[in-house]
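For reference, the structure is listed below as structure tokens.
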Amino acid sequence: MSVQAPYGTWPSPIDAGMVAAHDGRPEFLGSVGEELWWTEPRPEEGGRRALLRLAADGQRPPVSVLPPPWNVRNRVIEYGGLPWAGAPRAEGGPLIVFTHFADQRLYALEPDAADAAPRPLTPLSELTEAGLRWCDPVVLPERGEAWCVLEEFTGEGPTDVRRVLAAVPLDGSAAEDRGRVRELTGDGDRFLTGPRLSPDGRRLAWLAWDHPAMPWDGTRVMTAPIGDDGTLGTPRAVAGGPEESVAQAEFGADGTLLIASDASGWWNLQRVDVEAAETAEAAEPGRGPTVPRVPLCPREEEFAGAAWKIGQRWFAPLPGGLVATLHGRGAQRLGVLDPETGELVDAAGPWTEWAASLAVIDSRVTGIAASPRTSFEIVELDTRTGHTVVLASHHEDHVDPAYYPEPQIRTFTGPDGRDIHAHIYPPHHPDHAAPAGELPPYVVWVHGGPTSRAPLVLDLEIAYFTSRGIGVAEVNYGGSTGYGREYRNRLRQQWGVVDVEDCAAVARTLAREGTADPARLAIRGGSAGGWTSAASLTSTLTEGLYACGTVTYPILDLTGWATGETHDFESQYLESLVGPLSEVPGRYRERSPLHRAQRISVPFLLLQGLDDVICPPIQCERFLEQVKGRGIPHAYLAFEGEGHGFRRADTMVRAVEAELSLYSQTFGLGRADIPPLELRT
């Protein structure tokens with residue numbers, strides 16, 4: 001029989017330490033010969049990313065090849081990207097190159113050599129906070145080089161930067177001599193992805209884009225011939241454009257170029273005739289790609305997503321001509337496509353969400369997959385047999401699964417009758433229930449981005465709240481990915497309006513239908529989600545709706561953020577999200593929570609990393625100055641050594657417990673099992 005206790009007061013074995021220990025997931029999966037390699041988070045080791053290796057026989061557990069403090073991660077475009085690559089060698093095991101977060105240098109590692117210590121390939125940067133950064137490498141032992149993206153800062157400002165494709169000698173000769181790095185492209189493009197070589201090694205492809213576009217707005221597919229001496233011929237744009245986003249480009253086994261383009265309104269796979277496109281572009285330079293492409297599986301589904309990190313992989317060609325690809329509306333599943341017939345067959349298994357990270361070994365495809373009942377695992381699909389198996393990062397139930405939430409996929413109706421997609425996680429406990437007639441508190445969770453989405457997977461942080469009797473509503477508001485370009489474009493010049501309205505519409509519907517207590521609604525989010533949370537707490541559109549809010553590493557001052565207070569990658573993002581600053585400066589001011597601080601009337605918690613260069617702490621400090629002395633209960637927790645996104649276990653424990661304490665105090669839950677959060681006025 002269930003124990004009766006008010007919502008929000010239930011006991012739970014899912015504590016903040018468990019949440020922190022299992023935060024994050026495997027990332028950047030790849031193959032080296034018959035082996036699989038990837039990175040994994042280590043919150044208990046200061047938040048570093050470890051590099052894992054799984055032997056070809058799969059009979060032994062994966063091993064971490066580098067001890068602390070090695071941290072396989074880079075800061076290119078600040079969000080980073082693919083930080084390692086490898087190549088098999090005839091003797092002596094694989095050769096791996098990787099970036100180390102502390103100094104951003106590129107290193108070589110021969111893990112099976114007698115002396116397996118990493119050796120530097122690139123020089124130390126002269127600029128301590130910027131300098132030289134490397135990303136998305138390809139190891140080419142036959143050329144004695146690793147080709148990759150080079151991000152080079154030319155001054156102290158965050159936008160004093162250039163990016164090119166570069167060739168780094170594998171012999172270490174550039175470790176003390178920047179001049180030994182061979183630049184493959186000019187720096188005419190502001191942003192670019194790493195190189196993709198054709199199977200015969202005679203052509204290169206990459207993606208490029210320029211301010212003010214983001215990669216989900218408009219990109220170009222660039223190709224160039226490779227000379228015998230390793231230099232590139234004239235680059236040509238063979239696909240893409242200002243209003244066409246190509247998220248990925250790869251050469252198939254037969255040398256044809258495959259791309260994921262949203263020209264149809266959805267990221268779909270297409271085949272490009274590279275030689276014809278190069279010839280057409282050469283005949284009429286600057287006109288843009290004019291050669292028709294062949295759609296491989298036209299559907300109103302997404303076969304790719306927003307490229308927040310360089311080197312993400314939504315599809316992977318197989319040697320026999322098939323293509324492994326992620327696809328779907330909202331959640332993405334793994335399928336195998338026959339490009340000749342358009343037939344798409346999905347992988348069997350319980351996994352409902354696959355990350356943009358695929359590796360191919362012969363006929364086997366390996367990815368990173370999860371479900372609402374399982375965390376992200378390394379899963380292999382044998383395309384010959386259709387058999388799937390978990391190879392590594394096996395999900396473990398660290399608590400009775402009866403405490404996991406039971407999510408609902410719902411579509412709500414917003415202003416003007418528009419659809420709003422959301423995941424609803426009602427309070428859930430195996431042996432506790434609320435008294436009859438009581439409605440539960442609910443927290444609206446706002447994802448970051450904003451051009452991103454919330455995946456429907458097991459999240460112990462959500463379970464931390466739902467198992468205590470607090471519901472969670474994850475809102476994929478207008479502007480989110482997964483539902484086509486038209487849905488993404490709803491946020492153009494409407495950031496701070498559409499996202500705020502959509503979150504409010506979900507909250508109001510839950511209250512109106514009797515799912516949530518209208519007096520105990522809260523909102524929380526980080527980064528762009530922190531913006532939407534703060535904008536909601538200071539907006540007349542949501543007056544009286546939320547009882548409190550948690551705001552994590554947010555944007556609070558649009559004008560400041562657009563005039564030098566963020567990194568280069570997003571420095572002109574607001575041109576599309578809000579509008580050109582030169583044309584609508586008043587809009588920047590009137591939407592900013594900083595200039596609406598007088599409207600905030602409910603308690604709030606502000607969380608910030610002091611090393612954050614994307615959403616710097618100065619914005620929080622200015623906001624708090626505006627709130628000071630107004631009698632609004634609030635707390636500000638700032639964490640040294642943390643950047644944009646908390647990575648350390650102790651930080652995450654403090655943040656989760658502080659958030660629960662805010663709700664306990666605001667909703668009158670009276671919990672005494674967490675450190676009390678001091679709210680000041």
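Naming works like this for the structure tokens: A, B, ... for the chains as they're shown, residue 1 at the start of each chain, ligands 1 onward in shown order.
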As number ranges by chain, please: the residues near A:Trp531 (cut-off 8 Å, only C-alpha atoms, same-chain neighbours under 4 positions excluded). A: 496, 525-527, 535, 551, 554-556, 593
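Residues with any atom within 10 Å of A:Gly367, counting only C-alpha atoms and excluding same-chain neighbours fewer than 5 positions away, are A:Pro26, A:Glu27, A:Phe28, A:Leu29, A:Gly30, A:Arg313, A:Trp314, A:Leu326, A:Leu334, A:Trp354, A:Ala355, A:Ala356, A:Ser357, A:Leu358, A:Ala359, A:Val360, A:Phe376, A:Glu377, A:Ile378, A:Val379, A:Glu380, A:Leu381, A:Val390, A:Leu391.
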Quick one: everything within 9 Å of A:Glu486, counting only C-alpha atoms, minus sequence neighbours fewer than 5 positions away in the same chain. Send it as a list in words. Gly265, Trp266 and Gly479 of chain A
Filtered DSSP result for stretch 306-471 of chain A, state alpha helix (DSSP H), as a PyMOL selection string: chain A and resi 460-466
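Neighbouring residues of A:Gly131 at 10 Å or closer, counting only C-alpha atoms and skipping chain neighbours under 4 positions away, are Asp103, Gln104, Pro123, Leu124, Ser125, Glu126, Leu127, Glu151, Glu152, Phe153, Thr154, Gly155, Glu156 and Val161 of chain A.
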Residues from the last selection, C-alpha atoms, saved as a PDB file, in the first residue's frame:
ATOM      1  CA  ASP A 103      46.993  23.770 -23.237  1.00  0.00           C
ATOM      2  CA  GLN A 104      44.939  23.091 -26.403  1.00  0.00           C
ATOM      3  CA  PRO A 123      53.425  24.695 -30.228  1.00  0.00           C
ATOM      4  CA  LEU A 124      52.243  26.293 -27.033  1.00  0.00           C
ATOM      5  CA  SER A 125      50.127  29.385 -27.597  1.00  0.00           C
ATOM      6  CA  GLU A 126      51.483  32.819 -26.851  1.00  0.00           C
ATOM      7  CA  LEU A 127      48.021  34.019 -25.827  1.00  0.00           C
ATOM      8  CA  GLU A 151      41.632  28.208 -34.965  1.00  0.00           C
ATOM      9  CA  GLU A 152      44.183  30.966 -34.423  1.00  0.00           C
ATOM     10  CA  PHE A 153      43.631  34.068 -32.330  1.00  0.00           C
ATOM     11  CA  THR A 154      45.272  37.174 -33.699  1.00  0.00           C
ATOM     12  CA  GLY A 155      44.586  39.490 -30.758  1.00  0.00           C
ATOM     13  CA  GLU A 156      43.152  39.627 -27.257  1.00  0.00           C
ATOM     14  CA  VAL A 161      40.369  35.029 -34.799  1.00  0.00           C
TER      15      VAL A 161
END
Could you name the residues that touch stretch 507-524 of chain A at 6 Å or less, counting only C-alpha atoms, but leaving out those on the same chain fewer than 5 positions away, as a ChimeraX atom specification? /A:439-445,533,546-551
